[in-house]
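Reproduced below: run_27.tsv, with TSV, C-alpha atoms (C1' of nucleotides).
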```
chain	number	residue	atom	x	y	z
V	1	MET	CA	0.00	0.00	0.00
V	2	PRO	CA	1.95	2.92	1.24
V	3	GLU	CA	5.02	4.35	-0.42
V	4	LEU	CA	7.32	7.06	0.87
V	5	PRO	CA	4.77	9.94	0.91
V	6	GLU	CA	2.16	7.84	2.73
V	7	VAL	CA	4.66	6.47	5.25
V	8	GLU	CA	6.07	9.96	5.82
V	9	THR	CA	2.55	11.29	6.47
V	10	ILE	CA	1.84	8.51	8.96
V	11	VAL	CA	5.16	9.02	10.74
V	12	ARG	CA	4.62	12.77	11.13
V	13	GLY	CA	1.14	12.20	12.53
V	14	LEU	CA	2.25	9.54	14.99
V	15	LYS	CA	5.28	11.50	16.08
V	16	SER	CA	3.32	14.61	16.98
V	17	GLU	CA	1.01	12.63	19.28
V	18	LEU	CA	3.12	9.81	20.65
V	19	VAL	CA	6.59	11.07	21.51
V	20	GLY	CA	6.78	11.27	25.31
V	21	GLN	CA	3.86	8.91	25.87
V	22	ARG	CA	4.42	5.98	28.25
V	23	VAL	CA	3.20	2.48	27.33
V	24	LYS	CA	0.49	1.03	29.54
V	25	GLU	CA	-0.16	-2.08	27.50
V	26	PHE	CA	1.06	-3.75	24.32
V	27	ARG	CA	-0.52	-6.90	22.98
V	28	PHE	CA	-1.05	-8.90	19.85
V	29	LEU	CA	-4.67	-9.54	18.90
V	30	SER	CA	-4.10	-12.35	16.41
V	31	PRO	CA	-1.41	-15.01	16.29
V	32	HIS	CA	0.21	-14.25	12.96
V	33	LEU	CA	2.36	-11.21	13.89
V	34	GLU	CA	3.52	-12.94	17.03
V	35	LYS	CA	4.47	-16.09	15.13
V	36	GLU	CA	6.50	-14.12	12.61
V	37	GLN	CA	8.70	-12.42	15.21
V	38	LEU	CA	12.39	-12.83	14.41
V	39	PRO	CA	14.76	-14.70	16.73
V	40	GLY	CA	15.88	-12.46	19.57
V	41	SER	CA	12.65	-10.45	19.60
V	42	PHE	CA	11.23	-9.00	22.81
V	43	GLN	CA	7.96	-10.03	24.39
V	44	PRO	CA	5.17	-7.43	24.38
V	45	ALA	CA	5.34	-7.19	28.20
V	46	THR	CA	8.90	-5.82	27.91
V	47	TYR	CA	7.48	-2.59	26.50
V	48	LYS	CA	5.27	-1.79	29.47
V	49	GLY	CA	6.18	1.42	31.29
V	50	ARG	CA	8.58	2.63	28.58
V	51	LYS	CA	8.32	6.03	26.96
V	52	ILE	CA	8.30	6.53	23.20
V	53	LEU	CA	11.40	8.58	22.38
V	54	ASP	CA	11.19	8.93	18.61
V	55	ILE	CA	9.32	7.82	15.50
V	56	ARG	CA	11.03	7.94	12.12
V	57	ARG	CA	10.90	6.65	8.57
V	58	ARG	CA	13.55	4.97	6.45
V	59	GLY	CA	12.37	4.14	2.93
V	60	LYS	CA	8.98	2.54	3.52
V	61	MET	CA	9.98	1.30	6.99
V	62	ILE	CA	8.71	2.84	10.21
V	63	ILE	CA	10.93	2.77	13.28
V	64	ILE	CA	9.44	3.46	16.69
V	65	GLU	CA	12.01	3.94	19.43
V	66	PHE	CA	11.17	3.20	23.06
V	67	GLU	CA	13.23	3.79	26.20
V	68	GLY	CA	16.00	1.28	26.81
V	69	ARG	CA	16.97	0.88	23.14
V	70	LEU	CA	13.82	-1.09	22.44
V	71	GLY	CA	12.16	-0.61	19.10
V	72	TRP	CA	9.52	-1.58	16.61
V	73	LEU	CA	10.39	-2.08	12.99
V	74	VAL	CA	7.17	-1.83	10.98
V	75	HIS	CA	6.50	-2.37	7.30
V	76	LEU	CA	2.94	-1.88	6.03
V	77	LYS	CA	3.47	-3.60	2.67
V	78	MET	CA	0.21	-3.45	0.65
V	79	THR	CA	-2.67	-3.02	3.08
V	80	GLY	CA	-1.09	-2.27	6.46
V	81	GLN	CA	-2.34	0.60	8.60
V	82	LEU	CA	-0.93	2.16	11.76
V	83	PHE	CA	-3.35	4.63	13.28
V	84	LEU	CA	-4.58	6.22	16.48
V	85	THR	CA	-8.17	5.81	17.49
V	86	GLU	CA	-10.59	6.07	20.39
V	87	PRO	CA	-10.64	2.89	22.49
V	88	GLU	CA	-14.43	2.61	21.98
V	89	CYS	CA	-13.95	2.24	18.26
V	90	LYS	CA	-14.71	-1.35	17.27
V	91	ILE	CA	-11.77	-3.71	16.65
V	92	ASP	CA	-12.24	-5.89	13.56
V	93	LYS	CA	-10.62	-9.19	12.59
V	94	HIS	CA	-7.88	-7.44	10.61
V	95	THR	CA	-6.50	-5.58	13.63
V	96	HIS	CA	-3.43	-7.48	14.79
V	97	ALA	CA	-1.78	-5.37	17.50
V	98	LEU	CA	-2.69	-2.74	20.06
V	99	LEU	CA	-0.74	-0.22	22.10
V	100	LYS	CA	-2.28	1.73	25.01
V	101	PHE	CA	-0.81	4.64	26.95
V	102	TYR	CA	-1.16	6.01	30.48
V	103	ARG	CA	-1.88	9.62	29.57
V	104	LEU	CA	-3.19	9.53	26.00
V	105	LYS	CA	-6.79	8.44	25.68
V	106	LYS	CA	-6.34	7.22	22.11
V	107	GLU	CA	-4.70	3.88	21.34
V	108	LEU	CA	-2.41	2.84	18.50
V	109	ARG	CA	-3.56	-0.02	16.27
V	110	PHE	CA	-1.87	-2.07	13.60
V	111	ARG	CA	-4.36	-3.33	11.02
V	112	ASP	CA	-3.53	-5.30	7.89
V	113	ILE	CA	-6.06	-7.05	5.67
V	114	ARG	CA	-3.64	-9.06	3.55
V	115	LYS	CA	-1.18	-9.80	6.40
V	116	PHE	CA	1.89	-9.06	4.28
V	117	GLY	CA	3.08	-6.40	6.71
V	118	PHE	CA	5.26	-6.95	9.74
V	119	LEU	CA	5.83	-5.43	13.15
V	120	ASN	CA	9.08	-6.66	14.67
V	121	CYS	CA	9.98	-6.10	18.32
V	122	LEU	CA	13.72	-5.69	18.22
V	123	ASP	CA	16.69	-4.00	19.80
V	124	LEU	CA	17.59	-0.70	18.11
V	125	THR	CA	20.97	-2.09	17.11
V	126	GLN	CA	19.33	-4.99	15.29
V	127	ILE	CA	16.93	-2.59	13.57
V	128	GLU	CA	19.69	-0.29	12.40
V	129	GLY	CA	21.64	-3.28	11.14
V	130	LYS	CA	18.70	-4.55	9.11
V	131	ILE	CA	17.98	-1.16	7.60
V	132	GLY	CA	21.58	-0.28	6.85
V	133	ASN	CA	22.16	-3.50	4.93
V	134	ASP	CA	19.02	-3.57	2.85
V	135	LEU	CA	18.18	-0.02	1.84
V	136	GLY	CA	19.59	2.47	-0.62
V	137	PRO	CA	19.69	6.24	0.00
V	138	GLU	CA	16.64	8.42	0.66
V	139	PRO	CA	15.29	9.98	-2.55
V	140	LEU	CA	14.68	13.33	-0.82
V	141	GLU	CA	18.22	13.46	0.55
V	142	ILE	CA	20.39	12.11	-2.26
V	143	ASP	CA	22.41	14.65	-4.24
V	144	LEU	CA	22.46	14.86	-8.02
V	145	ALA	CA	25.97	13.45	-8.49
V	146	SER	CA	25.26	10.34	-6.40
V	147	PHE	CA	21.95	9.87	-8.20
V	148	LYS	CA	23.69	9.92	-11.58
V	149	ARG	CA	26.30	7.48	-10.31
V	150	LEU	CA	23.56	5.04	-9.28
V	151	LEU	CA	22.02	5.25	-12.75
V	152	LYS	CA	25.37	4.11	-14.15
V	153	THR	CA	26.18	1.40	-11.59
V	154	HIS	CA	22.76	-0.24	-12.13
V	155	GLY	CA	22.62	0.82	-15.75
V	156	LYS	CA	21.21	-2.44	-17.17
V	157	LYS	CA	17.94	-2.13	-15.30
V	158	ARG	CA	14.84	-0.64	-16.88
V	159	LEU	CA	13.94	2.71	-15.36
V	160	LYS	CA	10.74	1.32	-13.84
V	161	ASN	CA	12.61	-1.47	-12.07
V	162	TRP	CA	15.46	0.83	-11.16
V	163	LEU	CA	13.06	3.19	-9.33
V	164	LEU	CA	11.29	0.29	-7.61
V	165	ASP	CA	14.49	-1.32	-6.32
V	166	GLN	CA	14.74	-0.45	-2.62
V	167	LYS	CA	18.44	-1.34	-2.56
V	168	ILE	CA	19.17	1.39	-5.13
V	169	ILE	CA	16.81	4.11	-3.81
V	170	ALA	CA	14.50	3.52	-0.84
V	171	GLY	CA	10.83	4.45	-0.70
V	172	ILE	CA	9.43	4.56	-4.24
V	173	GLY	CA	6.67	2.11	-5.20
V	174	ASN	CA	4.39	1.42	-8.13
V	175	ILE	CA	2.34	4.63	-8.09
V	176	TYR	CA	5.19	7.09	-7.69
V	177	SER	CA	7.54	5.35	-10.12
V	178	ASP	CA	4.92	5.86	-12.86
V	179	GLU	CA	4.16	9.43	-11.83
V	180	ILE	CA	7.88	10.30	-11.66
V	181	LEU	CA	8.62	8.83	-15.09
V	182	PHE	CA	5.69	10.69	-16.59
V	183	ARG	CA	6.84	13.95	-15.02
V	184	ALA	CA	10.34	13.34	-16.37
V	185	GLY	CA	9.01	12.41	-19.83
V	186	LEU	CA	10.92	9.11	-19.79
V	187	ASN	CA	9.79	5.71	-21.04
V	188	PRO	CA	9.70	3.11	-18.23
V	189	PHE	CA	11.39	0.53	-20.49
V	190	ARG	CA	14.49	2.68	-21.01
V	191	LEU	CA	17.68	1.34	-19.44
V	192	ALA	CA	18.97	3.40	-16.53
V	193	GLY	CA	22.43	3.63	-18.04
V	194	SER	CA	21.10	4.98	-21.35
V	195	LEU	CA	20.03	8.39	-20.00
V	196	THR	CA	21.84	11.49	-21.17
V	197	ASP	CA	23.08	13.89	-18.55
V	198	ARG	CA	20.08	16.15	-19.12
V	199	GLU	CA	17.62	13.25	-18.89
V	200	ALA	CA	19.20	12.08	-15.64
V	201	THR	CA	18.81	15.58	-14.21
V	202	ARG	CA	15.18	15.63	-15.33
V	203	LEU	CA	14.52	12.31	-13.60
V	204	TYR	CA	16.19	13.53	-10.42
V	205	ARG	CA	14.10	16.70	-10.33
V	206	ALA	CA	10.87	14.85	-11.19
V	207	MET	CA	11.53	12.40	-8.34
V	208	LYS	CA	11.99	15.16	-5.76
V	209	ARG	CA	9.05	17.18	-7.03
V	210	VAL	CA	6.53	14.35	-7.22
V	211	LEU	CA	7.43	13.01	-3.77
V	212	LYS	CA	7.36	16.44	-2.12
V	213	GLU	CA	4.04	17.29	-3.73
V	214	ALA	CA	2.56	13.96	-2.68
V	215	ILE	CA	3.67	14.56	0.92
V	216	ALA	CA	2.07	18.03	0.79
V	217	PHE	CA	-1.19	16.31	-0.24
V	218	LYS	CA	-0.77	13.70	2.53
V	219	GLY	CA	-0.26	10.78	0.15
V	220	SER	CA	-2.51	8.84	-2.21
V	221	SER	CA	-5.54	6.88	-0.99
V	222	ILE	CA	-6.47	4.24	-3.56
V	223	SER	CA	-8.35	1.92	-1.25
V	224	ASP	CA	-6.88	1.17	2.18
V	225	TYR	CA	-4.43	3.93	2.95
V	226	VAL	CA	-5.20	6.18	5.87
V	227	ASP	CA	-2.86	8.38	7.89
V	228	ALA	CA	-2.20	8.27	11.65
V	229	SER	CA	-5.60	9.84	12.38
V	230	GLY	CA	-7.48	7.58	9.97
V	231	GLU	CA	-7.76	10.32	7.30
V	232	ARG	CA	-7.40	9.66	3.59
V	233	GLY	CA	-4.80	11.42	1.42
V	234	ARG	CA	-5.65	13.61	-1.57
V	235	PHE	CA	-2.78	13.08	-4.02
V	236	GLN	CA	-4.72	10.43	-5.97
V	237	GLU	CA	-6.72	13.34	-7.43
V	238	ARG	CA	-3.47	14.66	-8.93
V	239	HIS	CA	-2.27	11.40	-10.49
V	240	GLN	CA	-1.39	11.99	-14.13
V	241	VAL	CA	-0.98	8.41	-15.33
V	242	TYR	CA	-1.37	5.85	-12.54
V	243	ALA	CA	-4.57	3.79	-13.05
V	244	ARG	CA	-5.60	6.12	-15.90
V	245	GLU	CA	-5.41	3.66	-18.78
V	246	GLY	CA	-7.35	4.83	-21.85
V	247	ARG	CA	-7.48	8.47	-20.73
V	248	LEU	CA	-6.01	11.23	-22.83
V	249	CYS	CA	-2.46	12.15	-21.84
V	250	PRO	CA	-2.65	15.37	-19.81
V	251	ARG	CA	0.59	16.65	-21.36
V	252	CYS	CA	0.46	16.00	-25.13
V	253	ARG	CA	-3.33	15.56	-25.37
V	254	GLN	CA	-2.68	13.38	-28.41
V	255	GLU	CA	-2.11	9.84	-27.16
V	256	LYS	CA	-3.99	7.79	-24.61
V	257	ILE	CA	-2.35	6.44	-21.47
V	258	ILE	CA	-1.50	2.77	-21.87
V	259	ARG	CA	-0.83	-0.03	-19.40
V	260	LYS	CA	1.93	-2.61	-19.69
V	261	LYS	CA	3.32	-5.12	-17.23
V	262	ILE	CA	6.91	-4.70	-16.16
V	263	ASN	CA	8.17	-7.30	-13.71
V	264	GLY	CA	4.60	-8.25	-12.95
V	265	ARG	CA	3.64	-4.69	-11.99
V	266	SER	CA	1.11	-2.63	-13.94
V	267	THR	CA	2.90	0.32	-15.49
V	268	PHE	CA	1.00	3.31	-16.87
V	269	PHE	CA	2.57	5.75	-19.29
V	270	CYS	CA	2.02	7.88	-22.36
V	271	PRO	CA	3.49	6.24	-25.48
V	272	GLY	CA	3.64	9.64	-27.15
V	273	CYS	CA	5.58	11.88	-24.83
V	274	GLN	CA	7.59	9.51	-22.68
V	275	ASP	CA	10.75	8.58	-24.56
R	1	DA	C1'	22.92	-9.16	-13.85
R	2	DG	C1'	18.25	-8.64	-14.60
R	3	DC	C1'	13.72	-10.25	-16.14
R	4	DC	C1'	9.62	-13.11	-15.38
R	5	DC	C1'	6.75	-15.58	-12.52
R	6	DA	C1'	4.83	-17.52	-8.41
R	7	DT	C1'	4.03	-16.74	-3.65
R	8	DC	C1'	2.46	-14.85	0.88
R	9	DC	C1'	-3.28	-13.27	1.99
R	10	DT	C1'	-7.87	-11.05	1.66
R	11	DG	C1'	-11.08	-8.36	-0.74
R	12	DT	C1'	-13.20	-6.29	-4.81
R	13	DC	C1'	-14.69	-5.93	-9.29
R	14	DC	C1'	-15.92	-7.43	-13.88
R	15	DG	C1'	-17.86	-10.57	-17.30
R	16	DC	C1'	-20.73	-14.42	-18.07
S	1	DT	C1'	-27.11	-13.67	-7.74
S	2	DG	C1'	-23.45	-16.72	-8.14
S	3	DC	C1'	-19.00	-18.10	-9.81
S	4	DG	C1'	-14.39	-17.82	-11.70
S	5	DG	C1'	-10.60	-15.09	-12.82
S	6	DA	C1'	-7.90	-10.97	-12.73
S	7	DC	C1'	-6.10	-7.62	-10.04
S	8	DA	C1'	-4.38	-4.71	-5.94
S	9	DG	C1'	0.11	0.39	-3.05
S	10	DG	C1'	5.37	-4.89	-1.55
S	11	DA	C1'	9.15	-7.93	-1.39
S	12	DT	C1'	11.48	-12.37	-2.07
S	13	DG	C1'	13.34	-16.38	-4.19
S	14	DG	C1'	13.85	-19.73	-8.06
S	15	DG	C1'	14.59	-20.48	-12.89
S	16	DC	C1'	16.28	-18.82	-17.25
```

Would you mind giving the structure from this file in structure tokens?
Amino acid sequence: MPELPEVETIVRGLKSELVGQRVKEFRFLSPHLEKEQLPGSFQPATYKGRKILDIRRRGKMIIIEFEGRLGWLVHLKMTGQLFLTEPECKIDKHTHALLKFYRLKKELRFRDIRKFGFLNCLDLTQIEGKIGNDLGPEPLEIDLASFKRLLKTHGKKRLKNWLLDQKIIAGIGNIYSDEILFRAGLNPFRLAGSLTDREATRLYRAMKRVLKEAIAFKGSSISDYVDASGERGRFQERHQVYAREGRLCPRCRQEKIIRKKINGRSTFFCPGCQD
DNA sequence: AGCCCATCCTGTCCGC
DNA sequence: TGCGGACAGGATGGGC
């Protein structure tokens, strides 16, 4: 479900309400998250009485830091949600974990229809190790020269796959890769190493612009995504190509948006003005 | 090395 | 209305 802009929106919302709050209770509501805990994980009871010190994002991962170097490493995958709600609000069968606080009336819930997501209870050192090994740089922090270098070092990959590869750049998913390539006017089948210097600069600027704009609109809500307060995003109204097969291209107004599969993922683009 | 496909799981939508 | 198949924001691993 969520990509960088959605995860960033969730993290900002959670951070503003939860930093400084002390845990009264943490429990799993269904067996699957508990069963998937990695070796060396902490029991939920370990978290009781600890304050939340920080909440941050790395790529599409969410890291919640508790006192005593305890953490949560959360990935929402396709349908995961992490949101605050009133305790009276009904808990359905897709809600898998619950966190209550002493002072805050609202509770934090982890809900995930397809169960692809994870919530791992680990030591901060383990979390940082996992993240450091698996993820490429942040798209909103990388500089132009490093970006161009990455295009060359993974030059045989198609642009679509290059953008989706979390080890190259962390945080972009299927919606934003299409929107970025449209904004840059680049064909998703092009090889990363084939871009001219000017095209590479265009891609870099499109990436920053699309992601920043999407964050300003609080992400895209296609079906399940909601932010930390359960609100939907509005960037889906600004999508130029994603899920707009058959519609007239908003740039050239000549060709229609088409859909092709790349690596099993639906890819939407304009065959006229994306070369 | 990189592409394609299946896989994890549940829900929705579309055509017959 | 029911049923089967395709598809969905992610990531991984096997085969080619």

Nearest-residue call for chain R, choices V:Thr79, V:Thr267, V:Ser146, V:Ser220, using all atoms listed in the file:
V:Thr79

For chain V, list the residues within 8 Å of chain S, counting all atoms listed in the file, and write the list as a list in words.
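Therefore, the residues near the partner are Met1, Pro2, Glu3, Lys77, Met78, Thr79, Phe116, Gly173, Asn174, Ile175 and Ile222 of chain V.
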
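Proximity to chain R at a cut-off of 8 Å picks out Ile113, Arg114, Lys115, Phe116, Lys156, Lys157, Asn263 and Gly264 of chain V on chain V, counting only C-alpha atoms (C1' of nucleotides).
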
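For the atom pair formed by atom CA of V:Gly59 and atom CA of V:Cys273, the distance is 29.6 Å, given to one decimal.
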
Could you tell me how far atom CA of V:Ala243 lies from atom CA of V:Val74, in Å and to one decimal?
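Value for the atom CA of V:Ala243-atom CA of V:Val74 distance: 27.3 Å.
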
So which residues touch stretch 87-97 of chain V within 8 Å, counting all atoms listed in the file, skipping near sequence neighbours fewer than 2 positions away, as a list in words?
Phe26, Arg27, Phe28, Leu29, Ser30, Pro31, His32, Leu33, Thr85, Leu99, Lys105, Lys106, Glu107, Arg109, Phe110, Arg111, Asp112 and Ile113 of chain V

Edge lengths and centre in Å, axis-aligned, stretch 4-12 of chain S plus 8 Å each side, as JSON:
```
{"center_x": -1.5, "center_y": -8.7, "center_z": -7.1, "size_x": 41.9, "size_y": 34.2, "size_z": 27.4}
```

Rounded to one decimal place, report the atom CA of V:Phe235-atom CA of V:Cys249 distance in Å.
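Separation of atom CA of V:Phe235 and atom CA of V:Cys249: 17.8 Å.
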